[in-house]
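The file structure12.pdb contains PDB, N, CA and C atoms, pLDDT in the B column:
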```pdb
ATOM      1  N   MET A 676      -6.749 -17.403  12.673  1.00 48.00           N
ATOM      2  CA  MET A 676      -5.765 -17.494  11.597  1.00 48.00           C
ATOM      3  C   MET A 676      -4.981 -16.183  11.535  1.00 48.00           C
ATOM      4  N   PRO A 677      -3.656 -16.246  11.579  1.00 59.00           N
ATOM      5  CA  PRO A 677      -2.863 -15.007  11.542  1.00 59.00           C
ATOM      6  C   PRO A 677      -2.935 -14.333  10.171  1.00 59.00           C
ATOM      7  N   HIS A 678      -2.786 -13.016  10.201  1.00 74.00           N
ATOM      8  CA  HIS A 678      -2.769 -12.261   8.951  1.00 74.00           C
ATOM      9  C   HIS A 678      -1.442 -12.489   8.242  1.00 74.00           C
ATOM     10  N   PRO A 679      -1.482 -12.607   6.902  1.00 86.00           N
ATOM     11  CA  PRO A 679      -0.211 -12.673   6.169  1.00 86.00           C
ATOM     12  C   PRO A 679       0.572 -11.371   6.373  1.00 86.00           C
ATOM     13  N   MET A 680       1.877 -11.428   6.190  1.00 95.00           N
ATOM     14  CA  MET A 680       2.749 -10.270   6.384  1.00 95.00           C
ATOM     15  C   MET A 680       2.285  -9.079   5.553  1.00 95.00           C
ATOM     16  N   TRP A 681       1.787  -9.315   4.350  1.00 97.00           N
ATOM     17  CA  TRP A 681       1.387  -8.180   3.513  1.00 97.00           C
ATOM     18  C   TRP A 681       0.293  -7.372   4.186  1.00 97.00           C
ATOM     19  N   GLN A 682      -0.609  -8.022   4.903  1.00 97.00           N
ATOM     20  CA  GLN A 682      -1.700  -7.292   5.554  1.00 97.00           C
ATOM     21  C   GLN A 682      -1.181  -6.417   6.690  1.00 97.00           C
ATOM     22  N   GLU A 683      -0.206  -6.911   7.414  1.00 97.00           N
ATOM     23  CA  GLU A 683       0.388  -6.104   8.485  1.00 97.00           C
ATOM     24  C   GLU A 683       1.081  -4.871   7.906  1.00 97.00           C
ATOM     25  N   LEU A 684       1.820  -5.063   6.828  1.00 98.00           N
ATOM     26  CA  LEU A 684       2.517  -3.938   6.197  1.00 98.00           C
ATOM     27  C   LEU A 684       1.524  -2.979   5.544  1.00 98.00           C
ATOM     28  N   TYR A 685       0.473  -3.513   4.957  1.00 98.00           N
ATOM     29  CA  TYR A 685      -0.584  -2.692   4.367  1.00 98.00           C
ATOM     30  C   TYR A 685      -1.235  -1.824   5.445  1.00 98.00           C
ATOM     31  N   ASN A 686      -1.590  -2.442   6.566  1.00 97.00           N
ATOM     32  CA  ASN A 686      -2.219  -1.697   7.661  1.00 97.00           C
ATOM     33  C   ASN A 686      -1.295  -0.600   8.186  1.00 97.00           C
ATOM     34  N   ALA A 687      -0.007  -0.896   8.272  1.00 97.00           N
ATOM     35  CA  ALA A 687       0.960   0.106   8.731  1.00 97.00           C
ATOM     36  C   ALA A 687       1.012   1.287   7.763  1.00 97.00           C
ATOM     37  N   ALA A 688       0.922   1.028   6.473  1.00 97.00           N
ATOM     38  CA  ALA A 688       0.943   2.103   5.481  1.00 97.00           C
ATOM     39  C   ALA A 688      -0.322   2.944   5.559  1.00 97.00           C
ATOM     40  N   VAL A 689      -1.446   2.289   5.721  1.00 97.00           N
ATOM     41  CA  VAL A 689      -2.731   2.995   5.724  1.00 97.00           C
ATOM     42  C   VAL A 689      -2.848   3.942   6.915  1.00 97.00           C
ATOM     43  N   VAL A 690      -2.259   3.593   8.037  1.00 97.00           N
ATOM     44  CA  VAL A 690      -2.381   4.445   9.222  1.00 97.00           C
ATOM     45  C   VAL A 690      -1.177   5.365   9.431  1.00 97.00           C
ATOM     46  N   GLU A 691      -0.239   5.362   8.483  1.00 95.00           N
ATOM     47  CA  GLU A 691       0.956   6.211   8.616  1.00 95.00           C
ATOM     48  C   GLU A 691       0.578   7.676   8.372  1.00 95.00           C
ATOM     49  N   PHE A 692       0.854   8.518   9.361  1.00 92.00           N
ATOM     50  CA  PHE A 692       0.561   9.948   9.235  1.00 92.00           C
ATOM     51  C   PHE A 692       1.776  10.755   8.814  1.00 92.00           C
ATOM     52  N   ASP A 693       2.950  10.213   8.990  1.00 92.00           N
ATOM     53  CA  ASP A 693       4.187  10.919   8.653  1.00 92.00           C
ATOM     54  C   ASP A 693       4.447  10.762   7.156  1.00 92.00           C
ATOM     55  N   LEU A 694       4.259  11.850   6.410  1.00 89.00           N
ATOM     56  CA  LEU A 694       4.411  11.782   4.957  1.00 89.00           C
ATOM     57  C   LEU A 694       5.833  11.441   4.530  1.00 89.00           C
ATOM     58  N   ALA A 695       6.806  11.666   5.390  1.00 88.00           N
ATOM     59  CA  ALA A 695       8.185  11.298   5.072  1.00 88.00           C
ATOM     60  C   ALA A 695       8.374   9.777   5.124  1.00 88.00           C
ATOM     61  N   LYS A 696       7.592   9.102   5.956  1.00 94.00           N
ATOM     62  CA  LYS A 696       7.697   7.646   6.098  1.00 94.00           C
ATOM     63  C   LYS A 696       6.749   6.891   5.172  1.00 94.00           C
ATOM     64  N   LEU A 697       5.742   7.575   4.666  1.00 94.00           N
ATOM     65  CA  LEU A 697       4.705   6.919   3.874  1.00 94.00           C
ATOM     66  C   LEU A 697       5.238   6.175   2.648  1.00 94.00           C
ATOM     67  N   PRO A 698       6.104   6.783   1.823  1.00 93.00           N
ATOM     68  CA  PRO A 698       6.577   6.046   0.639  1.00 93.00           C
ATOM     69  C   PRO A 698       7.264   4.721   0.994  1.00 93.00           C
ATOM     70  N   GLU A 699       8.039   4.717   2.061  1.00 95.00           N
ATOM     71  CA  GLU A 699       8.719   3.493   2.483  1.00 95.00           C
ATOM     72  C   GLU A 699       7.702   2.434   2.917  1.00 95.00           C
ATOM     73  N   ARG A 700       6.692   2.867   3.643  1.00 97.00           N
ATOM     74  CA  ARG A 700       5.658   1.927   4.106  1.00 97.00           C
ATOM     75  C   ARG A 700       4.856   1.364   2.927  1.00 97.00           C
ATOM     76  N   VAL A 701       4.506   2.237   1.985  1.00 96.00           N
ATOM     77  CA  VAL A 701       3.749   1.794   0.812  1.00 96.00           C
ATOM     78  C   VAL A 701       4.593   0.830  -0.018  1.00 96.00           C
ATOM     79  N   GLU A 702       5.863   1.141  -0.211  1.00 96.00           N
ATOM     80  CA  GLU A 702       6.755   0.260  -0.976  1.00 96.00           C
ATOM     81  C   GLU A 702       6.862  -1.110  -0.313  1.00 96.00           C
ATOM     82  N   ALA A 703       7.026  -1.141   0.999  1.00 98.00           N
ATOM     83  CA  ALA A 703       7.124  -2.415   1.722  1.00 98.00           C
ATOM     84  C   ALA A 703       5.846  -3.231   1.556  1.00 98.00           C
ATOM     85  N   ALA A 704       4.699  -2.565   1.644  1.00 98.00           N
ATOM     86  CA  ALA A 704       3.419  -3.265   1.486  1.00 98.00           C
ATOM     87  C   ALA A 704       3.258  -3.806   0.065  1.00 98.00           C
ATOM     88  N   CYS A 705       3.616  -3.002  -0.922  1.00 98.00           N
ATOM     89  CA  CYS A 705       3.518  -3.450  -2.320  1.00 98.00           C
ATOM     90  C   CYS A 705       4.427  -4.647  -2.587  1.00 98.00           C
ATOM     91  N   GLN A 706       5.634  -4.602  -2.072  1.00 98.00           N
ATOM     92  CA  GLN A 706       6.557  -5.734  -2.250  1.00 98.00           C
ATOM     93  C   GLN A 706       6.017  -6.986  -1.576  1.00 98.00           C
ATOM     94  N   ALA A 707       5.454  -6.824  -0.385  1.00 98.00           N
ATOM     95  CA  ALA A 707       4.902  -7.974   0.334  1.00 98.00           C
ATOM     96  C   ALA A 707       3.701  -8.567  -0.413  1.00 98.00           C
ATOM     97  N   ILE A 708       2.887  -7.698  -0.997  1.00 98.00           N
ATOM     98  CA  ILE A 708       1.752  -8.177  -1.793  1.00 98.00           C
ATOM     99  C   ILE A 708       2.262  -8.965  -2.994  1.00 98.00           C
ATOM    100  N   HIS A 709       3.268  -8.436  -3.655  1.00 97.00           N
ATOM    101  CA  HIS A 709       3.849  -9.145  -4.805  1.00 97.00           C
ATOM    102  C   HIS A 709       4.416 -10.505  -4.377  1.00 97.00           C
ATOM    103  N   GLN A 710       5.159 -10.533  -3.281  1.00 97.00           N
ATOM    104  CA  GLN A 710       5.724 -11.794  -2.792  1.00 97.00           C
ATOM    105  C   GLN A 710       4.616 -12.795  -2.455  1.00 97.00           C
ATOM    106  N   HIS A 711       3.546 -12.296  -1.860  1.00 97.00           N
ATOM    107  CA  HIS A 711       2.424 -13.171  -1.518  1.00 97.00           C
ATOM    108  C   HIS A 711       1.816 -13.775  -2.782  1.00 97.00           C
ATOM    109  N   ARG A 712       1.654 -12.957  -3.811  1.00 96.00           N
ATOM    110  CA  ARG A 712       1.115 -13.456  -5.090  1.00 96.00           C
ATOM    111  C   ARG A 712       2.019 -14.536  -5.681  1.00 96.00           C
ATOM    112  N   VAL A 713       3.325 -14.281  -5.638  1.00 96.00           N
ATOM    113  CA  VAL A 713       4.275 -15.244  -6.196  1.00 96.00           C
ATOM    114  C   VAL A 713       4.238 -16.554  -5.405  1.00 96.00           C
ATOM    115  N   GLN A 714       4.226 -16.446  -4.085  1.00 95.00           N
ATOM    116  CA  GLN A 714       4.217 -17.640  -3.235  1.00 95.00           C
ATOM    117  C   GLN A 714       2.953 -18.465  -3.437  1.00 95.00           C
ATOM    118  N   LYS A 715       1.817 -17.805  -3.528  1.00 95.00           N
ATOM    119  CA  LYS A 715       0.549 -18.525  -3.683  1.00 95.00           C
ATOM    120  C   LYS A 715       0.340 -19.012  -5.120  1.00 95.00           C
ATOM    121  N   GLY A 716       0.936 -18.296  -6.054  1.00 94.00           N
ATOM    122  CA  GLY A 716       0.837 -18.699  -7.456  1.00 94.00           C
ATOM    123  C   GLY A 716      -0.595 -18.872  -7.924  1.00 94.00           C
ATOM    124  N   HIS A 717      -0.818 -19.992  -8.601  1.00 94.00           N
ATOM    125  CA  HIS A 717      -2.142 -20.253  -9.185  1.00 94.00           C
ATOM    126  C   HIS A 717      -3.155 -20.733  -8.155  1.00 94.00           C
ATOM    127  N   THR A 718      -2.729 -20.853  -6.898  1.00 96.00           N
ATOM    128  CA  THR A 718      -3.668 -21.298  -5.865  1.00 96.00           C
ATOM    129  C   THR A 718      -4.469 -20.141  -5.261  1.00 96.00           C
ATOM    130  N   LEU A 719      -4.170 -18.905  -5.693  1.00 95.00           N
ATOM    131  CA  LEU A 719      -4.947 -17.759  -5.218  1.00 95.00           C
ATOM    132  C   LEU A 719      -6.393 -17.899  -5.679  1.00 95.00           C
ATOM    133  N   THR A 720      -7.306 -17.687  -4.770  1.00 95.00           N
ATOM    134  CA  THR A 720      -8.718 -17.703  -5.151  1.00 95.00           C
ATOM    135  C   THR A 720      -9.081 -16.341  -5.754  1.00 95.00           C
ATOM    136  N   ALA A 721     -10.229 -16.295  -6.378  1.00 96.00           N
ATOM    137  CA  ALA A 721     -10.700 -15.028  -6.948  1.00 96.00           C
ATOM    138  C   ALA A 721     -10.875 -13.999  -5.839  1.00 96.00           C
ATOM    139  N   GLU A 722     -11.340 -14.434  -4.689  1.00 97.00           N
ATOM    140  CA  GLU A 722     -11.525 -13.523  -3.556  1.00 97.00           C
ATOM    141  C   GLU A 722     -10.185 -12.970  -3.070  1.00 97.00           C
ATOM    142  N   GLU A 723      -9.167 -13.832  -3.007  1.00 96.00           N
ATOM    143  CA  GLU A 723      -7.831 -13.379  -2.588  1.00 96.00           C
ATOM    144  C   GLU A 723      -7.249 -12.395  -3.603  1.00 96.00           C
ATOM    145  N   ARG A 724      -7.424 -12.690  -4.888  1.00 96.00           N
ATOM    146  CA  ARG A 724      -6.924 -11.774  -5.936  1.00 96.00           C
ATOM    147  C   ARG A 724      -7.590 -10.412  -5.815  1.00 96.00           C
ATOM    148  N   LYS A 725      -8.909 -10.420  -5.576  1.00 97.00           N
ATOM    149  CA  LYS A 725      -9.621  -9.153  -5.425  1.00 97.00           C
ATOM    150  C   LYS A 725      -9.116  -8.398  -4.203  1.00 97.00           C
ATOM    151  N   GLU A 726      -8.885  -9.095  -3.099  1.00 97.00           N
ATOM    152  CA  GLU A 726      -8.380  -8.458  -1.889  1.00 97.00           C
ATOM    153  C   GLU A 726      -7.007  -7.813  -2.142  1.00 97.00           C
ATOM    154  N   LEU A 727      -6.142  -8.512  -2.845  1.00 97.00           N
ATOM    155  CA  LEU A 727      -4.817  -7.968  -3.154  1.00 97.00           C
ATOM    156  C   LEU A 727      -4.923  -6.778  -4.109  1.00 97.00           C
ATOM    157  N   ASP A 728      -5.767  -6.907  -5.127  1.00 98.00           N
ATOM    158  CA  ASP A 728      -5.956  -5.805  -6.074  1.00 98.00           C
ATOM    159  C   ASP A 728      -6.526  -4.568  -5.379  1.00 98.00           C
ATOM    160  N   ASP A 729      -7.485  -4.786  -4.496  1.00 98.00           N
ATOM    161  CA  ASP A 729      -8.073  -3.666  -3.747  1.00 98.00           C
ATOM    162  C   ASP A 729      -7.022  -2.996  -2.867  1.00 98.00           C
ATOM    163  N   ALA A 730      -6.185  -3.788  -2.222  1.00 98.00           N
ATOM    164  CA  ALA A 730      -5.136  -3.235  -1.364  1.00 98.00           C
ATOM    165  C   ALA A 730      -4.162  -2.392  -2.188  1.00 98.00           C
ATOM    166  N   LEU A 731      -3.789  -2.881  -3.362  1.00 98.00           N
ATOM    167  CA  LEU A 731      -2.881  -2.114  -4.222  1.00 98.00           C
ATOM    168  C   LEU A 731      -3.524  -0.811  -4.682  1.00 98.00           C
ATOM    169  N   ARG A 732      -4.816  -0.843  -4.988  1.00 98.00           N
ATOM    170  CA  ARG A 732      -5.524   0.376  -5.389  1.00 98.00           C
ATOM    171  C   ARG A 732      -5.531   1.398  -4.255  1.00 98.00           C
ATOM    172  N   VAL A 733      -5.768   0.935  -3.041  1.00 98.00           N
ATOM    173  CA  VAL A 733      -5.770   1.835  -1.888  1.00 98.00           C
ATOM    174  C   VAL A 733      -4.383   2.443  -1.696  1.00 98.00           C
ATOM    175  N   LEU A 734      -3.341   1.631  -1.800  1.00 98.00           N
ATOM    176  CA  LEU A 734      -1.970   2.129  -1.628  1.00 98.00           C
ATOM    177  C   LEU A 734      -1.628   3.158  -2.695  1.00 98.00           C
ATOM    178  N   PHE A 735      -2.033   2.886  -3.935  1.00 97.00           N
ATOM    179  CA  PHE A 735      -1.786   3.831  -5.027  1.00 97.00           C
ATOM    180  C   PHE A 735      -2.504   5.154  -4.764  1.00 97.00           C
ATOM    181  N   THR A 736      -3.763   5.071  -4.350  1.00 96.00           N
ATOM    182  CA  THR A 736      -4.547   6.274  -4.059  1.00 96.00           C
ATOM    183  C   THR A 736      -3.941   7.048  -2.897  1.00 96.00           C
ATOM    184  N   LEU A 737      -3.501   6.340  -1.892  1.00 95.00           N
ATOM    185  CA  LEU A 737      -2.861   6.965  -0.736  1.00 95.00           C
ATOM    186  C   LEU A 737      -1.630   7.763  -1.157  1.00 95.00           C
ATOM    187  N   MET A 738      -0.791   7.173  -1.993  1.00 94.00           N
ATOM    188  CA  MET A 738       0.413   7.874  -2.451  1.00 94.00           C
ATOM    189  C   MET A 738       0.054   9.061  -3.342  1.00 94.00           C
ATOM    190  N   LYS A 739      -0.939   8.871  -4.191  1.00 94.00           N
ATOM    191  CA  LYS A 739      -1.361   9.957  -5.081  1.00 94.00           C
ATOM    192  C   LYS A 739      -1.858  11.151  -4.268  1.00 94.00           C
ATOM    193  N   ARG A 740      -2.642  10.889  -3.238  1.00 90.00           N
ATOM    194  CA  ARG A 740      -3.155  11.980  -2.400  1.00 90.00           C
ATOM    195  C   ARG A 740      -2.040  12.628  -1.590  1.00 90.00           C
ATOM    196  N   ALA A 741      -1.088  11.824  -1.132  1.00 89.00           N
ATOM    197  CA  ALA A 741       0.036  12.374  -0.367  1.00 89.00           C
ATOM    198  C   ALA A 741       0.871  13.299  -1.245  1.00 89.00           C
ATOM    199  N   VAL A 742       1.117  12.893  -2.483  1.00 89.00           N
ATOM    200  CA  VAL A 742       1.886  13.723  -3.406  1.00 89.00           C
ATOM    201  C   VAL A 742       1.129  15.008  -3.709  1.00 89.00           C
ATOM    202  N   SER A 743      -0.163  14.897  -3.939  1.00 89.00           N
ATOM    203  CA  SER A 743      -0.974  16.093  -4.202  1.00 89.00           C
ATOM    204  C   SER A 743      -0.934  17.056  -3.018  1.00 89.00           C
ATOM    205  N   PHE A 744      -1.029  16.514  -1.813  1.00 85.00           N
ATOM    206  CA  PHE A 744      -0.977  17.325  -0.602  1.00 85.00           C
ATOM    207  C   PHE A 744       0.359  18.052  -0.502  1.00 85.00           C
ATOM    208  N   LEU A 745       1.435  17.319  -0.723  1.00 84.00           N
ATOM    209  CA  LEU A 745       2.768  17.924  -0.641  1.00 84.00           C
ATOM    210  C   LEU A 745       2.972  18.989  -1.709  1.00 84.00           C
ATOM    211  N   LEU A 746       2.551  18.704  -2.930  1.00 86.00           N
ATOM    212  CA  LEU A 746       2.693  19.687  -4.010  1.00 86.00           C
ATOM    213  C   LEU A 746       1.876  20.943  -3.724  1.00 86.00           C
ATOM    214  N   TYR A 747       0.678  20.767  -3.223  1.00 83.00           N
ATOM    215  CA  TYR A 747      -0.162  21.906  -2.891  1.00 83.00           C
ATOM    216  C   TYR A 747       0.535  22.799  -1.874  1.00 83.00           C
ATOM    217  N   HIS A 748       1.102  22.197  -0.849  1.00 81.00           N
ATOM    218  CA  HIS A 748       1.750  22.973   0.200  1.00 81.00           C
ATOM    219  C   HIS A 748       3.089  23.573  -0.260  1.00 81.00           C
ATOM    220  N   LEU A 749       3.772  22.879  -1.140  1.00 82.00           N
ATOM    221  CA  LEU A 749       5.001  23.446  -1.683  1.00 82.00           C
ATOM    222  C   LEU A 749       4.697  24.655  -2.566  1.00 82.00           C
ATOM    223  N   LEU A 750       3.659  24.539  -3.370  1.00 84.00           N
ATOM    224  CA  LEU A 750       3.283  25.669  -4.238  1.00 84.00           C
ATOM    225  C   LEU A 750       2.751  26.839  -3.419  1.00 84.00           C
ATOM    226  N   ALA A 751       2.093  26.547  -2.318  1.00 87.00           N
ATOM    227  CA  ALA A 751       1.565  27.607  -1.462  1.00 87.00           C
ATOM    228  C   ALA A 751       2.697  28.400  -0.806  1.00 87.00           C
ATOM    229  N   LEU A 752       3.842  27.744  -0.614  1.00 80.00           N
ATOM    230  CA  LEU A 752       4.981  28.422   0.008  1.00 80.00           C
ATOM    231  C   LEU A 752       5.713  29.331  -0.963  1.00 80.00           C
ATOM    232  N   SER A 753       5.545  29.092  -2.249  1.00 74.00           N
ATOM    233  CA  SER A 753       6.292  29.896  -3.229  1.00 74.00           C
ATOM    234  C   SER A 753       5.567  31.146  -3.651  1.00 74.00           C
TER     235      SER A 753
END
```
For this file, produce the structure as structure tokens.
Amino acid sequence: MPHPMWQELYNAAVVEFDLAKLPERVEAACQAIHQHRVQKGHTLTAEERKELDDALRVLFTLMKRAVSFLLYHLLALS
């Protein structure tokens, strides 16, 4: 069974090392997750909802850590 588009975009965000590209990748993954939720509507199982919620939590944490990393290095330069 092929992975839904959101999973491909999520995986691309998780393995992105270029902090300049990360926000775009995270945004694309979040939008795809939202579209998937809308398309599936009330047919989402509890397991699918948990998988989507977990993916969003990981993306949020990834962005939070990236911002912290950038701020730390910007402050270190000043």
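All residues that come within 7 Å of the coordinates (3.0, 6.8, -1.7), counting only N, CA and C atoms, are given as Leu697, Pro698, Glu699, Val701, Glu702, Leu734, Phe735, Leu737, Met738, Lys739, Ala741 and Val742 of chain A.
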Which residues would end up in the selection if the PyMOL selection byres (((chain A and resi 721-733 and name CA) around 12) and name CA) were applied here, given that I need the answer as a PyMOL selection string?
chain A and resi 679+681-686+688-690+701-713+715-720+734-740
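Atom CA of A:Tyr747 lies 22.0 Å from atom CA of A:Arg700.
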Sel. of helix (DSSP H, G or I) residues, chain A, as a PyMOL selection string:
chain A and resi 680-689+697-718+721-752
I need stretch 688-717 of chain A from the structure I supplied, saved as a PDB file, in the first residue's frame with N, CA and C atoms retained.
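Output file out38.pdb is given in full below:
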```
ATOM      1  N   ALA A 688      10.641  16.388   5.675  1.00  0.00           N
ATOM      2  CA  ALA A 688      10.895  17.403   6.697  1.00  0.00           C
ATOM      3  C   ALA A 688      11.780  16.855   7.805  1.00  0.00           C
ATOM      4  N   VAL A 689      11.515  15.637   8.211  1.00  0.00           N
ATOM      5  CA  VAL A 689      12.252  15.043   9.331  1.00  0.00           C
ATOM      6  C   VAL A 689      13.728  14.852   8.994  1.00  0.00           C
ATOM      7  N   VAL A 690      14.042  14.575   7.747  1.00  0.00           N
ATOM      8  CA  VAL A 690      15.439  14.337   7.382  1.00  0.00           C
ATOM      9  C   VAL A 690      16.124  15.565   6.781  1.00  0.00           C
ATOM     10  N   GLU A 691      15.425  16.701   6.762  1.00  0.00           N
ATOM     11  CA  GLU A 691      16.011  17.925   6.190  1.00  0.00           C
ATOM     12  C   GLU A 691      17.074  18.483   7.143  1.00  0.00           C
ATOM     13  N   PHE A 692      18.292  18.623   6.633  1.00  0.00           N
ATOM     14  CA  PHE A 692      19.387  19.169   7.439  1.00  0.00           C
ATOM     15  C   PHE A 692      19.604  20.652   7.195  1.00  0.00           C
ATOM     16  N   ASP A 693      19.119  21.159   6.095  1.00  0.00           N
ATOM     17  CA  ASP A 693      19.304  22.568   5.746  1.00  0.00           C
ATOM     18  C   ASP A 693      18.250  23.396   6.477  1.00  0.00           C
ATOM     19  N   LEU A 694      18.689  24.148   7.486  1.00  0.00           N
ATOM     20  CA  LEU A 694      17.746  24.920   8.294  1.00  0.00           C
ATOM     21  C   LEU A 694      17.025  25.995   7.491  1.00  0.00           C
ATOM     22  N   ALA A 695      17.582  26.403   6.369  1.00  0.00           N
ATOM     23  CA  ALA A 695      16.912  27.382   5.513  1.00  0.00           C
ATOM     24  C   ALA A 695      15.716  26.751   4.791  1.00  0.00           C
ATOM     25  N   LYS A 696      15.788  25.452   4.529  1.00  0.00           N
ATOM     26  CA  LYS A 696      14.708  24.749   3.829  1.00  0.00           C
ATOM     27  C   LYS A 696      13.689  24.130   4.780  1.00  0.00           C
ATOM     28  N   LEU A 697      14.066  23.972   6.033  1.00  0.00           N
ATOM     29  CA  LEU A 697      13.218  23.273   6.995  1.00  0.00           C
ATOM     30  C   LEU A 697      11.824  23.883   7.152  1.00  0.00           C
ATOM     31  N   PRO A 698      11.691  25.206   7.329  1.00  0.00           N
ATOM     32  CA  PRO A 698      10.336  25.757   7.500  1.00  0.00           C
ATOM     33  C   PRO A 698       9.407  25.440   6.322  1.00  0.00           C
ATOM     34  N   GLU A 699       9.935  25.494   5.114  1.00  0.00           N
ATOM     35  CA  GLU A 699       9.126  25.189   3.934  1.00  0.00           C
ATOM     36  C   GLU A 699       8.690  23.722   3.944  1.00  0.00           C
ATOM     37  N   ARG A 700       9.605  22.851   4.314  1.00  0.00           N
ATOM     38  CA  ARG A 700       9.282  21.414   4.360  1.00  0.00           C
ATOM     39  C   ARG A 700       8.244  21.117   5.447  1.00  0.00           C
ATOM     40  N   VAL A 701       8.419  21.739   6.611  1.00  0.00           N
ATOM     41  CA  VAL A 701       7.473  21.531   7.710  1.00  0.00           C
ATOM     42  C   VAL A 701       6.098  22.071   7.323  1.00  0.00           C
ATOM     43  N   GLU A 702       6.053  23.242   6.711  1.00  0.00           N
ATOM     44  CA  GLU A 702       4.777  23.828   6.280  1.00  0.00           C
ATOM     45  C   GLU A 702       4.076  22.919   5.275  1.00  0.00           C
ATOM     46  N   ALA A 703       4.813  22.396   4.309  1.00  0.00           N
ATOM     47  CA  ALA A 703       4.225  21.500   3.306  1.00  0.00           C
ATOM     48  C   ALA A 703       3.659  20.247   3.967  1.00  0.00           C
ATOM     49  N   ALA A 704       4.395  19.694   4.925  1.00  0.00           N
ATOM     50  CA  ALA A 704       3.925  18.493   5.625  1.00  0.00           C
ATOM     51  C   ALA A 704       2.671  18.790   6.447  1.00  0.00           C
ATOM     52  N   CYS A 705       2.667  19.915   7.140  1.00  0.00           N
ATOM     53  CA  CYS A 705       1.491  20.293   7.941  1.00  0.00           C
ATOM     54  C   CYS A 705       0.260  20.498   7.061  1.00  0.00           C
ATOM     55  N   GLN A 706       0.437  21.154   5.937  1.00  0.00           N
ATOM     56  CA  GLN A 706      -0.690  21.360   5.015  1.00  0.00           C
ATOM     57  C   GLN A 706      -1.202  20.031   4.479  1.00  0.00           C
ATOM     58  N   ALA A 707      -0.285  19.130   4.150  1.00  0.00           N
ATOM     59  CA  ALA A 707      -0.687  17.822   3.631  1.00  0.00           C
ATOM     60  C   ALA A 707      -1.435  17.012   4.696  1.00  0.00           C
ATOM     61  N   ILE A 708      -0.986  17.122   5.940  1.00  0.00           N
ATOM     62  CA  ILE A 708      -1.683  16.440   7.035  1.00  0.00           C
ATOM     63  C   ILE A 708      -3.094  17.000   7.175  1.00  0.00           C
ATOM     64  N   HIS A 709      -3.210  18.309   7.122  1.00  0.00           N
ATOM     65  CA  HIS A 709      -4.537  18.936   7.211  1.00  0.00           C
ATOM     66  C   HIS A 709      -5.434  18.479   6.053  1.00  0.00           C
ATOM     67  N   GLN A 710      -4.904  18.484   4.838  1.00  0.00           N
ATOM     68  CA  GLN A 710      -5.686  18.046   3.679  1.00  0.00           C
ATOM     69  C   GLN A 710      -6.121  16.586   3.834  1.00  0.00           C
ATOM     70  N   HIS A 711      -5.224  15.765   4.352  1.00  0.00           N
ATOM     71  CA  HIS A 711      -5.555  14.356   4.559  1.00  0.00           C
ATOM     72  C   HIS A 711      -6.704  14.221   5.557  1.00  0.00           C
ATOM     73  N   ARG A 712      -6.651  14.995   6.631  1.00  0.00           N
ATOM     74  CA  ARG A 712      -7.735  14.968   7.631  1.00  0.00           C
ATOM     75  C   ARG A 712      -9.066  15.381   7.006  1.00  0.00           C
ATOM     76  N   VAL A 713      -9.020  16.439   6.198  1.00  0.00           N
ATOM     77  CA  VAL A 713     -10.245  16.927   5.564  1.00  0.00           C
ATOM     78  C   VAL A 713     -10.802  15.882   4.595  1.00  0.00           C
ATOM     79  N   GLN A 714      -9.925  15.294   3.793  1.00  0.00           N
ATOM     80  CA  GLN A 714     -10.359  14.298   2.811  1.00  0.00           C
ATOM     81  C   GLN A 714     -10.957  13.069   3.482  1.00  0.00           C
ATOM     82  N   LYS A 715     -10.333  12.606   4.545  1.00  0.00           N
ATOM     83  CA  LYS A 715     -10.819  11.403   5.228  1.00  0.00           C
ATOM     84  C   LYS A 715     -12.034  11.699   6.112  1.00  0.00           C
ATOM     85  N   GLY A 716     -12.108  12.930   6.580  1.00  0.00           N
ATOM     86  CA  GLY A 716     -13.251  13.331   7.400  1.00  0.00           C
ATOM     87  C   GLY A 716     -13.470  12.425   8.596  1.00  0.00           C
ATOM     88  N   HIS A 717     -14.728  12.038   8.767  1.00  0.00           N
ATOM     89  CA  HIS A 717     -15.100  11.222   9.933  1.00  0.00           C
ATOM     90  C   HIS A 717     -14.724   9.756   9.771  1.00  0.00           C
TER      91      HIS A 717
END
```
